[in-house]
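Peer 1: The file below is start-v1.txt, compact mmCIF, C-alpha atoms:
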# COMPACT_ATOMS: atom_id res chain seq x y z
CA MET Z 6 19.29 -10.25 17.92
CA LEU Z 7 18.26 -6.58 17.83
CA TYR Z 8 20.27 -4.02 15.87
CA THR Z 9 19.69 -0.60 17.42
CA VAL Z 10 19.84 2.08 14.74
CA PRO Z 11 21.73 5.19 15.87
CA ASN Z 12 20.28 7.75 13.44
CA GLU Z 13 16.57 8.45 13.84
CA ARG Z 14 16.75 11.13 11.14
CA ASN Z 15 17.14 8.48 8.45
CA ILE Z 16 13.88 7.13 7.02
CA LEU Z 17 13.36 4.06 4.88
CA HIS Z 18 10.35 4.45 2.55
CA PHE Z 19 9.13 1.27 0.83
CA PRO Z 20 7.82 -0.67 -1.16
CA SER Z 21 5.15 1.28 -3.14
CA ASN Z 22 4.78 4.84 -4.36
CA TRP Z 23 1.05 5.08 -5.05
CA GLY Z 24 0.05 8.61 -5.96
CA SER Z 25 3.66 9.72 -5.52
CA ARG Z 26 3.24 9.81 -1.75
CA VAL Z 27 6.82 8.68 -1.21
CA TYR Z 28 8.09 11.38 -3.52
CA HIS Z 29 6.21 14.17 -1.77
CA HIS Z 30 7.08 12.92 1.71
CA CYS Z 31 10.77 12.77 0.88
CA MET Z 32 10.77 16.30 -0.45
CA ALA Z 33 8.69 17.72 2.42
CA LEU Z 34 10.79 16.00 5.11
CA HIS Z 35 14.12 17.19 3.75
CA ALA Z 36 13.45 20.70 5.07
CA PHE Z 37 13.19 19.23 8.57
CA GLY Z 38 16.58 17.51 8.46
CA TYR Z 39 15.54 14.01 7.45
CA VAL Z 40 17.42 11.83 4.98
CA SER Z 41 15.17 9.48 3.03
CA HIS Z 42 16.24 6.07 1.76
CA VAL Z 43 13.91 4.53 -0.80
CA ALA Z 44 13.34 1.04 -2.22
CA LEU Z 45 10.30 0.63 -4.46
CA LEU Z 46 8.84 -2.31 -6.33
CA ASP Z 47 6.12 -0.31 -8.06
CA ASN Z 48 6.78 3.36 -8.59
CA SER Z 49 4.45 6.00 -10.06
CA GLN Z 50 6.79 8.88 -9.40
CA TYR Z 51 6.34 12.36 -10.84
CA ASN Z 52 9.49 12.06 -12.92
CA THR Z 53 8.25 14.80 -15.23
CA ILE Z 54 8.38 17.28 -12.36
CA ASP Z 55 11.78 16.38 -10.99
CA HIS Z 56 14.05 14.20 -13.10
CA ASN Z 57 16.39 13.90 -10.12
CA PHE Z 58 13.62 12.42 -7.98
CA PHE Z 59 15.78 10.48 -5.54
CA ILE Z 60 19.11 12.17 -6.25
CA ALA Z 61 18.06 15.68 -5.27
CA LYS Z 62 17.73 16.63 -1.62
CA HIS Z 63 20.19 13.92 -0.49
CA VAL Z 64 17.60 11.24 -1.21
CA CYS Z 65 18.72 7.82 -2.39
CA ARG Z 66 17.81 6.60 -5.86
CA SER Z 67 14.84 4.27 -5.88
CA LEU Z 68 14.72 0.71 -7.06
CA CYS Z 69 11.95 0.33 -9.62
CA LEU Z 70 11.85 -3.06 -11.27
CA HIS Z 71 8.25 -3.82 -12.13
CA LYS Z 72 8.57 -2.54 -15.70
CA ILE Z 73 11.59 -4.65 -16.58
CA MET Z 74 10.84 -7.96 -14.84
CA PRO Z 75 7.91 -9.81 -13.23
CA ALA Z 76 7.21 -8.95 -9.60
CA THR Z 77 8.02 -12.50 -8.47
CA ILE Z 78 11.54 -12.08 -9.81
CA ALA Z 79 11.89 -8.46 -8.73
CA ARG Z 80 10.99 -9.04 -5.09
CA PRO Z 81 14.32 -10.69 -4.12
CA PHE Z 82 16.10 -7.67 -5.62
CA LEU Z 83 13.86 -5.40 -3.58
CA ALA Z 84 14.72 -7.36 -0.42
CA ARG Z 85 18.43 -6.99 -1.19
CA GLU Z 86 18.00 -3.23 -1.70
CA LEU Z 87 16.19 -2.96 1.63
CA LEU Z 88 18.97 -4.80 3.42
CA LYS Z 89 21.44 -2.18 2.21
CA HIS Z 90 19.51 0.59 3.95
CA LEU Z 91 17.90 -1.03 7.01
CA LYS Z 92 20.93 -0.62 9.23
CA TYR Z 93 21.15 3.12 8.52
CA CYS Z 94 17.52 4.01 9.21
CA GLY Z 95 15.75 4.65 12.49
CA ILE Z 96 12.31 4.91 10.91
CA PHE Z 97 10.63 2.32 8.67
CA HIS Z 98 7.73 3.86 6.71
CA TRP Z 99 5.92 0.98 5.00
CA TYR Z 100 3.36 2.09 2.39
CA THR Z 101 0.23 -0.02 1.67
CA GLY Z 102 1.49 -3.02 3.61
CA ASN Z 103 2.52 -4.71 0.36
CA LYS Z 104 4.69 -7.76 0.84
CA ILE Z 105 8.45 -7.77 0.27
CA LEU Z 106 8.79 -11.54 -0.11
CA PHE Z 107 6.08 -13.10 2.08
CA LEU Z 108 3.74 -11.85 4.78
CA PRO Z 109 3.97 -12.28 7.75
CA LEU Z 110 7.58 -13.47 7.39
CA ASP Z 111 8.68 -10.03 6.20
CA LEU Z 112 7.62 -8.50 9.51
CA ARG Z 113 9.29 -11.18 11.58
CA TRP Z 114 12.49 -10.48 9.68
CA MET Z 115 12.20 -6.83 10.69
CA ARG Z 116 11.95 -7.72 14.37
CA ARG Z 117 15.75 -7.71 14.28
CA TYR Z 118 15.66 -3.92 14.10
CA LYS Z 119 14.55 -1.82 17.06
CA VAL Z 120 13.22 1.21 15.21
CA LYS Z 121 10.12 3.35 14.76
CA LYS Z 122 7.77 1.37 12.52
CA ILE Z 123 4.86 2.82 10.56
CA VAL Z 124 2.43 1.26 8.11
CA HIS Z 125 0.67 3.76 5.88
CA TRP Z 126 -2.68 2.54 4.52
CA GLN Z 127 -3.95 4.28 1.41
CA GLY Z 128 -7.09 2.74 -0.11
CA ASP Z 129 -7.91 -0.64 -1.55
CA ASP Z 130 -5.01 -2.10 0.45
CA ILE Z 131 -7.41 -2.24 3.43
CA ARG Z 132 -10.82 -1.18 2.11
CA ASP Z 133 -13.47 -3.73 3.06
CA PRO Z 134 -15.74 -4.02 -0.01
CA LEU Z 135 -18.59 -5.54 2.02
CA LEU Z 136 -18.53 -2.63 4.47
CA GLU Z 137 -18.18 -0.12 1.64
CA LEU Z 138 -21.31 -1.54 0.01
CA GLU Z 139 -23.18 -0.80 3.24
CA LEU Z 140 -21.78 2.73 3.60
CA ASN Z 141 -21.74 3.77 -0.05
CA PRO Z 142 -24.85 3.45 -2.26
CA TRP Z 143 -22.74 3.97 -5.39
CA TYR Z 144 -20.01 1.41 -4.69
CA SER Z 145 -21.95 -1.39 -6.40
CA HIS Z 146 -21.12 0.39 -9.69
CA PHE Z 147 -17.47 -0.53 -9.05
CA THR Z 148 -18.03 -4.09 -7.75
CA LYS Z 149 -20.69 -5.20 -10.25
CA ASN Z 150 -18.25 -7.55 -12.02
CA LEU Z 151 -17.20 -9.27 -8.78
CA CYS Z 152 -19.12 -12.11 -7.16
CA PHE Z 153 -19.92 -12.14 -3.43
CA ASN Z 154 -17.25 -14.75 -2.64
CA GLU Z 155 -14.58 -12.57 -4.26
CA LEU Z 156 -15.66 -9.58 -2.17
CA LYS Z 157 -15.74 -11.75 0.94
CA ASN Z 158 -12.20 -12.99 0.29
CA ILE Z 159 -10.92 -9.43 -0.22
CA SER Z 160 -12.58 -8.36 3.03
CA LYS Z 161 -11.02 -11.23 4.96
CA ALA Z 162 -7.55 -10.72 3.46
CA ASN Z 163 -7.50 -6.98 4.19
CA LYS Z 164 -8.49 -7.51 7.83
CA LEU Z 165 -5.88 -10.25 8.25
CA LYS Z 166 -3.15 -8.04 6.78
CA GLN Z 167 -3.98 -5.28 9.25
CA LYS Z 168 -3.89 -7.69 12.17
CA ILE Z 169 -0.45 -8.92 11.15
CA PHE Z 170 0.95 -5.38 11.24
CA PHE Z 171 -0.92 -4.47 14.40
CA ASP Z 172 0.42 -7.50 16.26
CA GLU Z 173 3.96 -6.53 15.24
CA GLY Z 174 3.61 -3.13 16.89
CA PHE Z 175 3.42 -0.96 13.74
CA THR Z 176 1.81 2.46 14.10
CA PHE Z 177 -1.11 2.84 11.68
CA LEU Z 178 -1.47 5.90 9.41
CA ALA Z 179 -4.68 6.29 7.41
CA PRO Z 180 -6.74 9.04 5.75
CA VAL Z 181 -10.09 9.76 7.37
CA ASP Z 182 -12.11 7.93 4.70
CA LEU Z 183 -10.47 4.63 5.67
CA VAL Z 184 -11.21 4.83 9.40
CA PRO Z 185 -14.31 2.60 9.18
CA HIS Z 186 -12.18 -0.01 7.41
CA LEU Z 187 -9.53 -0.24 10.13
CA ILE Z 188 -9.71 -3.21 12.44
CA THR Z 189 -11.34 -2.37 15.78
CA ASP Z 190 -8.12 -2.30 17.83
CA ALA Z 191 -6.42 0.06 15.36
CA GLN Z 192 -9.34 2.52 15.21
CA LYS Z 193 -8.54 3.56 18.77
CA ILE Z 194 -4.89 4.43 18.20
CA PHE Z 195 -4.37 5.20 14.49
CA ILE Z 196 -2.88 8.52 13.35
CA PRO Z 197 -4.73 10.46 10.61
CA ILE Z 198 -2.74 11.49 7.55
CA ARG Z 199 -3.41 13.83 4.62
CA HIS Z 200 -1.90 13.88 1.14
CA THR Z 201 1.19 16.03 0.61
CA LEU Z 202 1.60 18.29 -2.42
CA ASN Z 203 4.19 20.71 -3.81
CA THR Z 204 2.09 23.88 -3.83
CA ASP Z 205 5.13 25.96 -4.79
CA TYR Z 206 5.34 24.11 -8.10
CA LEU Z 207 1.61 23.93 -8.88
CA ILE Z 208 0.44 27.53 -9.00
CA PRO Z 209 -2.51 29.20 -10.78
CA ILE Z 210 -2.05 30.48 -14.30
CA GLU Z 211 -2.33 34.25 -14.45
CA ASN Z 212 -4.43 35.86 -17.18
CA LYS Z 213 -5.89 32.63 -18.53
CA LYS Z 214 -7.41 32.98 -21.99
CA ASN Z 215 -11.12 33.72 -21.83
CA GLU Z 216 -12.74 31.78 -24.66
CA ASN Z 217 -16.27 32.68 -23.55
CA ARG Z 218 -16.90 29.05 -22.82
CA ILE Z 219 -16.44 26.86 -19.77
CA ASN Z 220 -13.61 24.37 -19.96
CA ILE Z 221 -14.50 21.19 -18.02
CA VAL Z 222 -11.77 18.58 -17.46
CA HIS Z 223 -11.95 15.00 -16.20
CA ALA Z 224 -9.14 12.46 -15.76
CA PRO Z 225 -10.54 8.88 -15.88
CA SER Z 226 -7.67 6.87 -14.42
CA GLU Z 227 -10.28 4.17 -13.70
CA TYR Z 228 -13.61 4.53 -15.50
CA ASN Z 229 -15.69 2.56 -12.98
CA ILE Z 230 -14.34 4.07 -9.78
CA LYS Z 231 -14.39 7.58 -11.27
CA GLY Z 232 -17.96 7.24 -12.55
CA THR Z 233 -16.78 8.47 -15.94
CA SER Z 234 -19.84 7.19 -17.82
CA TYR Z 235 -22.10 9.38 -15.67
CA ILE Z 236 -19.89 12.41 -16.31
CA ILE Z 237 -19.90 11.89 -20.08
CA GLU Z 238 -23.68 11.51 -20.04
CA ALA Z 239 -24.04 14.78 -18.12
CA ILE Z 240 -21.67 16.58 -20.50
CA LYS Z 241 -23.73 15.53 -23.53
CA LYS Z 242 -26.80 17.09 -21.92
CA LEU Z 243 -24.89 20.25 -20.97
CA GLU Z 244 -23.63 20.74 -24.53
CA LYS Z 245 -27.23 21.20 -25.66
CA HIS Z 246 -27.68 24.24 -23.42
CA PHE Z 247 -24.24 25.75 -22.74
CA HIS Z 248 -21.11 26.73 -24.61
CA ILE Z 249 -18.57 24.37 -23.06
CA ARG Z 250 -15.45 22.43 -23.94
CA PHE Z 251 -14.96 19.02 -22.35
CA THR Z 252 -11.51 17.42 -22.12
CA LEU Z 253 -11.15 13.77 -21.18
CA LEU Z 254 -7.55 13.22 -20.06
CA SER Z 255 -6.42 9.73 -20.98
CA GLY Z 256 -3.11 8.28 -22.11
CA LEU Z 257 -1.15 11.47 -21.40
CA PRO Z 258 2.08 11.82 -19.41
CA HIS Z 259 1.55 13.42 -16.03
CA GLN Z 260 3.00 16.73 -17.18
CA GLY Z 261 0.44 16.86 -19.98
CA VAL Z 262 -2.37 16.10 -17.55
CA LEU Z 263 -1.24 18.93 -15.29
CA ARG Z 264 -1.16 21.37 -18.18
CA HIS Z 265 -4.76 20.61 -19.12
CA ILE Z 266 -5.93 20.78 -15.50
CA ALA Z 267 -4.25 24.18 -15.02
CA GLU Z 268 -6.20 25.57 -17.99
CA ALA Z 269 -9.57 24.25 -16.80
CA ASP Z 270 -12.49 26.20 -15.38
CA ILE Z 271 -13.94 23.16 -13.60
CA PHE Z 272 -12.26 19.86 -12.73
CA VAL Z 273 -14.48 16.82 -12.18
CA ASP Z 274 -12.86 14.04 -10.16
CA GLN Z 275 -14.61 10.84 -9.00
CA LEU Z 276 -18.31 10.27 -8.30
CA ILE Z 277 -18.20 6.86 -6.62
CA LEU Z 278 -15.83 6.46 -3.66
CA GLY Z 279 -16.68 9.56 -1.65
CA MET Z 280 -13.22 11.04 -1.01
CA TYR Z 281 -10.91 13.41 -2.86
CA GLY Z 282 -7.42 12.35 -3.94
CA MET Z 283 -4.30 13.72 -5.60
CA ALA Z 284 -6.03 14.73 -8.83
CA SER Z 285 -8.44 16.94 -6.90
CA LEU Z 286 -5.58 18.47 -4.92
CA GLU Z 287 -3.58 19.25 -8.06
CA ALA Z 288 -6.57 21.05 -9.56
CA MET Z 289 -7.16 22.96 -6.32
CA ALA Z 290 -3.50 24.00 -6.20
CA PHE Z 291 -4.00 25.57 -9.65
CA GLY Z 292 -7.00 27.46 -8.27
CA ILE Z 293 -9.51 25.31 -10.16
CA PRO Z 294 -12.90 24.53 -8.58
CA VAL Z 295 -13.35 20.78 -8.07
CA VAL Z 296 -16.49 18.67 -8.30
CA CYS Z 297 -16.15 15.35 -6.50
CA ARG Z 298 -18.34 13.02 -4.46
CA ILE Z 299 -17.60 13.50 -0.75
CA ALA Z 300 -19.47 11.11 1.55
CA SER Z 301 -21.34 12.83 4.37
CA HIS Z 302 -19.53 10.91 7.13
CA ILE Z 303 -16.21 11.99 5.61
CA ARG Z 304 -17.14 15.65 5.11
CA GLU Z 305 -18.04 15.86 8.81
CA GLN Z 306 -14.40 15.16 9.64
CA LEU Z 307 -12.92 17.71 7.21
CA PRO Z 308 -12.17 21.37 8.01
CA SER Z 309 -15.05 23.83 7.80
CA ASP Z 310 -13.39 25.67 4.89
CA PHE Z 311 -13.29 22.55 2.69
CA PRO Z 312 -14.23 23.93 -0.77
CA ILE Z 313 -14.92 20.89 -2.99
CA ILE Z 314 -18.43 20.79 -4.50
CA ASP Z 315 -20.12 17.47 -3.74
CA ALA Z 316 -21.80 15.62 -6.61
CA THR Z 317 -23.13 12.14 -7.27
CA PRO Z 318 -23.99 10.25 -10.46
CA LYS Z 319 -27.59 11.29 -9.82
CA ASN Z 320 -27.08 15.08 -9.65
CA ILE Z 321 -23.86 15.72 -11.59
CA TYR Z 322 -25.74 17.47 -14.43
CA GLU Z 323 -27.49 19.92 -12.07
CA ILE Z 324 -24.29 20.64 -10.15
CA LEU Z 325 -22.28 21.43 -13.29
CA ALA Z 326 -25.11 23.51 -14.77
CA SER Z 327 -25.33 25.67 -11.63
CA LEU Z 328 -21.58 26.31 -11.69
CA ILE Z 329 -21.56 27.19 -15.38
CA ILE Z 330 -24.27 29.79 -14.80
CA ASP Z 331 -22.59 31.38 -11.77
CA LYS Z 332 -19.09 32.47 -12.89
CA ASP Z 333 -18.59 34.62 -9.78
CA LYS Z 334 -19.03 31.50 -7.66
CA LEU Z 335 -16.50 29.69 -9.83
CA CYS Z 336 -13.93 32.42 -9.21
CA ALA Z 337 -14.52 32.40 -5.44
CA LEU Z 338 -14.28 28.61 -5.32
CA GLY Z 339 -11.00 28.72 -7.21
CA ASP Z 340 -9.46 31.13 -4.70
CA ALA Z 341 -10.77 29.09 -1.77
CA SER Z 342 -9.43 25.87 -3.30
CA ARG Z 343 -5.91 27.25 -3.66
CA SER Z 344 -5.96 28.58 -0.09
CA TYR Z 345 -7.18 25.25 1.28
CA VAL Z 346 -4.43 23.19 -0.35
CA VAL Z 347 -1.69 25.55 0.85
CA LYS Z 348 -3.16 25.57 4.36
CA TYR Z 349 -3.55 21.81 4.78
CA HIS Z 350 -1.48 19.91 2.18
CA SER Z 351 1.66 21.93 1.36
CA TYR Z 352 5.21 20.74 2.00
CA ALA Z 353 5.65 23.20 4.85
CA ILE Z 354 2.50 22.00 6.64
CA MET Z 355 2.85 18.27 6.01
CA GLY Z 356 6.61 18.23 6.55
CA ARG Z 357 6.02 19.69 10.02
CA TYR Z 358 3.20 17.22 10.63
CA LEU Z 359 5.32 14.20 9.66
CA HIS Z 360 8.20 15.51 11.74
CA SER Z 361 5.97 15.75 14.81
CA LEU Z 362 4.55 12.32 14.08
CA TYR Z 363 7.97 10.68 13.84
CA GLU Z 364 9.17 12.43 16.98
CA SER Z 365 6.18 11.14 18.96
CA LEU Z 366 6.86 7.46 18.18
CA LYS Z 367 8.95 5.02 20.17
CA PRO Z 368 11.13 2.28 18.67
CA VAL Z 369 9.65 -1.22 18.78
Go ahead and express the file in the form of structure tokens.
Peer 2:
Amino acid sequence: MLYTVPNERNILHFPSNWGSRVYHHCMALHAFGYVSHVALLDNSQYNTIDHNFFIAKHVCRSLCLHKIMPATIARPFLARELLKHLKYCGIFHWYTGNKILFLPLDLRWMRRYKVKKIVHWQGDDIRDPLLELELNPWYSHFTKNLCFNELKNISKANKLKQKIFFDEGFTFLAPVDLVPHLITDAQKIFIPIRHTLNTDYLIPIENKKNENRINIVHAPSEYNIKGTSYIIEAIKKLEKHFHIRFTLLSGLPHQGVLRHIAEADIFVDQLILGMYGMASLEAMAFGIPVVCRIASHIREQLPSDFPIIDATPKNIYEILASLIIDKDKLCALGDASRSYVVKYHSYAIMGRYLHSLYESLKPV
């Protein structure tokens, strides 16, 4: 039996909040008259920015259980939380395609609801490691501890998961770097999506202290995928020739990380995957030039005013040295970075984009 939902302005976001995407979407969509309902199993929310994360803006409080009980026990509670909100929501926004109880049974359960259904892919949830090894000469640095059969199983599982959602009529959202990893049928009809960021909160520091040295910051959330060892090696060489300060951000609360990034002269993100993420965007919002590996096939799809400086493990020393020498270029890159984030990733821009996206969909 189908339960037609009357209110298409109510959105159910679930079950994962990687990179605080749920948080930012909820806040950006509120200005366009949407009410967000949230149920999360794993939640990396920016609670240091807004302690009333899901209370403010008429957004429901999230369910976050992974820190107090094993996921196998928490999942039934998550399912119960979802049931409370399903009947009120005309849009289901499913992040990462993570299971609620079991796939594909979770999707068959949702057939009961004739609503707009979206699955939002974000990274390793669909990345095909075998394809990435072909496209990315540096990816072997990340997979060196995995045998071929493990990579093959991941590849197969990620394709199967996509097919399950595709066959159920879900609309696919994916950033441009994941397009090659979409199954063939989905590549023809997917909708591109960018990260969303609160650019009104993250603003450049005026009159930063000039210590007559360049402050370089790196946040190694994952050493292998960030290429941190290559960055540290380059920094050791730079310290022999330049007056610099290097800050490695590890084990800090998010608010502390933001404070250090805001005070940087250069932010170095990842050197392996080939795409920028939330850390790069946060630095850009502060007006900080960003160094990050951007794959050529990805850069071709980005706007012409994209300001991130491309670097690889092979040339990271030369790239940083050239920026340290040219302080005028650093200043111009900082201004361009701030302008880019406001133009393409702000709440106003992405809220309007999500609104148009939701309006274009039909219930299934």
Peer 1: Return the single residue from Z:Ser361, Z:Thr148, Z:Ser234, Z:Ser342 that is closest to Pro312 in chain Z, with distances computed using all atoms listed in the file.
Peer 2: Z:Ser342
Peer 1: What separation in Å, quoted to one decimal, exists between CA of Lys166 in chain Z and CA of Ile188 in chain Z?
Peer 2: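 Separation of CA of Lys166 in chain Z and CA of Ile188 in chain Z: 9.9 Å.
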Peer 1: Excluding Gln192 in chain Z and residues on its chain fewer than 6 positions from it, collect all residues at most 12 Å away from it, counting all atoms listed in the file, and give them as a VMD selection string.
Peer 2: chain Z and resid 167 to 168 171 176 to 181 183 to 186
Peer 1: Just C-alpha atoms for this one: save the residues we selected as a PDB file, keeping the file's coordinate frame.
Peer 2:
ATOM      1  CA  GLN Z 167      -3.980  -5.280   9.250  1.00  0.00           C
ATOM      2  CA  LYS Z 168      -3.890  -7.690  12.170  1.00  0.00           C
ATOM      3  CA  PHE Z 171      -0.920  -4.470  14.400  1.00  0.00           C
ATOM      4  CA  THR Z 176       1.810   2.460  14.100  1.00  0.00           C
ATOM      5  CA  PHE Z 177      -1.110   2.840  11.680  1.00  0.00           C
ATOM      6  CA  LEU Z 178      -1.470   5.900   9.410  1.00  0.00           C
ATOM      7  CA  ALA Z 179      -4.680   6.290   7.410  1.00  0.00           C
ATOM      8  CA  PRO Z 180      -6.740   9.040   5.750  1.00  0.00           C
ATOM      9  CA  VAL Z 181     -10.090   9.760   7.370  1.00  0.00           C
ATOM     10  CA  LEU Z 183     -10.470   4.630   5.670  1.00  0.00           C
ATOM     11  CA  VAL Z 184     -11.210   4.830   9.400  1.00  0.00           C
ATOM     12  CA  PRO Z 185     -14.310   2.600   9.180  1.00  0.00           C
ATOM     13  CA  HIS Z 186     -12.180  -0.010   7.410  1.00  0.00           C
TER      14      HIS Z 186
END
Peer 1: Quick one: pull the distance between CA of Asp133 in chain Z and CA of Asn229 in chain Z, Å, one decimal.
Peer 2: 17.4 Å
Peer 1: Using only C-alpha atoms, can you list as an MDAnalysis selection string the residues within 12 Å of (4.1, 20.3, -9.9)?
Peer 2: chainID Z and resid 25 28:29 50:55 201:209 259:264 266:267 283:284 286:288 290:291 351:352
Peer 1: Extract, using only C-alpha atoms, all DNA, RNA and protein residues at most 10 Å from Leu135 in chain Z, discarding same-chain residues fewer than 3 positions from it, and format them as a list in words.
Peer 2: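 Close residues of Leu135 in chain Z: Arg132, Leu138, Glu139, Leu140, Tyr144, Ser145, Thr148, Phe153, Leu156, Lys157, Asn158, Ile159, Ser160 and Lys161 of chain Z.
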Peer 1: In Å, how far is it from CA of Leu278 in chain Z to CA of Asp340 in chain Z?
Peer 2: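 One can read the CA of Leu278 in chain Z to CA of Asp340 in chain Z distance as 25.5 Å.
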Peer 1: Range 120-126 of chain Z: which residues within 8 Å, counting all atoms listed in the file, same-chain residues fewer than 5 positions away excluded, as a ChimeraX atom specification?
Peer 2: /Z:9-10,94-102,131,170,174-180,363,366-369
Peer 1: For a quick check of understanding, using all atoms listed in the file, which of Z:Lys104, Z:His35, Z:Ser365, Z:Leu325 has the smallest distance to Lys241 in chain Z?
Peer 2: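 Closest residue, counting all atoms listed in the file: Z:Leu325.
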Peer 1: Just checking: using only C-alpha atoms, which residue out of Z:His146, Z:His265, Z:Arg298, Z:Lys332 ends up closest to Tyr228 in chain Z?
Peer 2: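 Nearest candidate to Tyr228 in chain Z out of Z:His146, Z:His265, Z:Arg298, Z:Lys332: Z:His146.
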Peer 1: I need the residue nearest Leu243 in chain Z from this list: Z:Ile219, Z:Thr317, Z:Gly24, Z:Lys213. Use all atoms listed in the file for the distance.
Peer 2: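 Nearest candidate to Leu243 in chain Z out of Z:Ile219, Z:Thr317, Z:Gly24, Z:Lys213: Z:Ile219.
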Peer 1: Could you give me, as an mmCIF file with C-alpha atoms, in the coordinates of the input, the residues within 12 Å of Ala33 in chain Z, counting only C-alpha atoms and dropping anything in the same chain fewer than 6 positions from it?
Peer 2:
data_model
loop_
_atom_site.group_PDB
_atom_site.id
_atom_site.type_symbol
_atom_site.label_atom_id
_atom_site.label_comp_id
_atom_site.auth_asym_id
_atom_site.auth_seq_id
_atom_site.Cartn_x
_atom_site.Cartn_y
_atom_site.Cartn_z
ATOM 1 C CA ARG Z 26 3.240 9.810 -1.750
ATOM 2 C CA VAL Z 27 6.820 8.680 -1.210
ATOM 3 C CA TYR Z 39 15.540 14.010 7.450
ATOM 4 C CA VAL Z 40 17.420 11.830 4.980
ATOM 5 C CA SER Z 41 15.170 9.480 3.030
ATOM 6 C CA LYS Z 62 17.730 16.630 -1.620
ATOM 7 C CA VAL Z 64 17.600 11.240 -1.210
ATOM 8 C CA HIS Z 200 -1.900 13.880 1.140
ATOM 9 C CA THR Z 201 1.190 16.030 0.610
ATOM 10 C CA LEU Z 202 1.600 18.290 -2.420
ATOM 11 C CA ASN Z 203 4.190 20.710 -3.810
ATOM 12 C CA THR Z 204 2.090 23.880 -3.830
ATOM 13 C CA ASP Z 205 5.130 25.960 -4.790
ATOM 14 C CA HIS Z 350 -1.480 19.910 2.180
ATOM 15 C CA SER Z 351 1.660 21.930 1.360
ATOM 16 C CA TYR Z 352 5.210 20.740 2.000
ATOM 17 C CA ALA Z 353 5.650 23.200 4.850
ATOM 18 C CA ILE Z 354 2.500 22.000 6.640
ATOM 19 C CA MET Z 355 2.850 18.270 6.010
ATOM 20 C CA GLY Z 356 6.610 18.230 6.550
ATOM 21 C CA ARG Z 357 6.020 19.690 10.020
ATOM 22 C CA TYR Z 358 3.200 17.220 10.630
ATOM 23 C CA LEU Z 359 5.320 14.200 9.660
ATOM 24 C CA HIS Z 360 8.200 15.510 11.740
#
Peer 1: Smallest atom-to-atom distance to Val222 in chain Z: which of Z:Val295, Z:Ile277, Z:Trp23, Z:Asn150, using only C-alpha atoms?
Peer 2: Z:Val295
Peer 1: Which neighbours of Cys297 in chain Z fall inside 6 Å, counting all atoms listed in the file, when residues of the same chain fewer than 2 positions from it are skipped, and could you give them as a ChimeraX atom specification?
Peer 2: /Z:274-276,315-316
Peer 1: Choose the residue, out of Z:Pro81, Z:Pro109, Z:Pro318, Z:Pro20, that has the smallest atom-to-atom separation from Ala239 in chain Z; count only C-alpha atoms.
Peer 2: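 That would be Z:Pro318, the residue with the smallest distance to Ala239 in chain Z.
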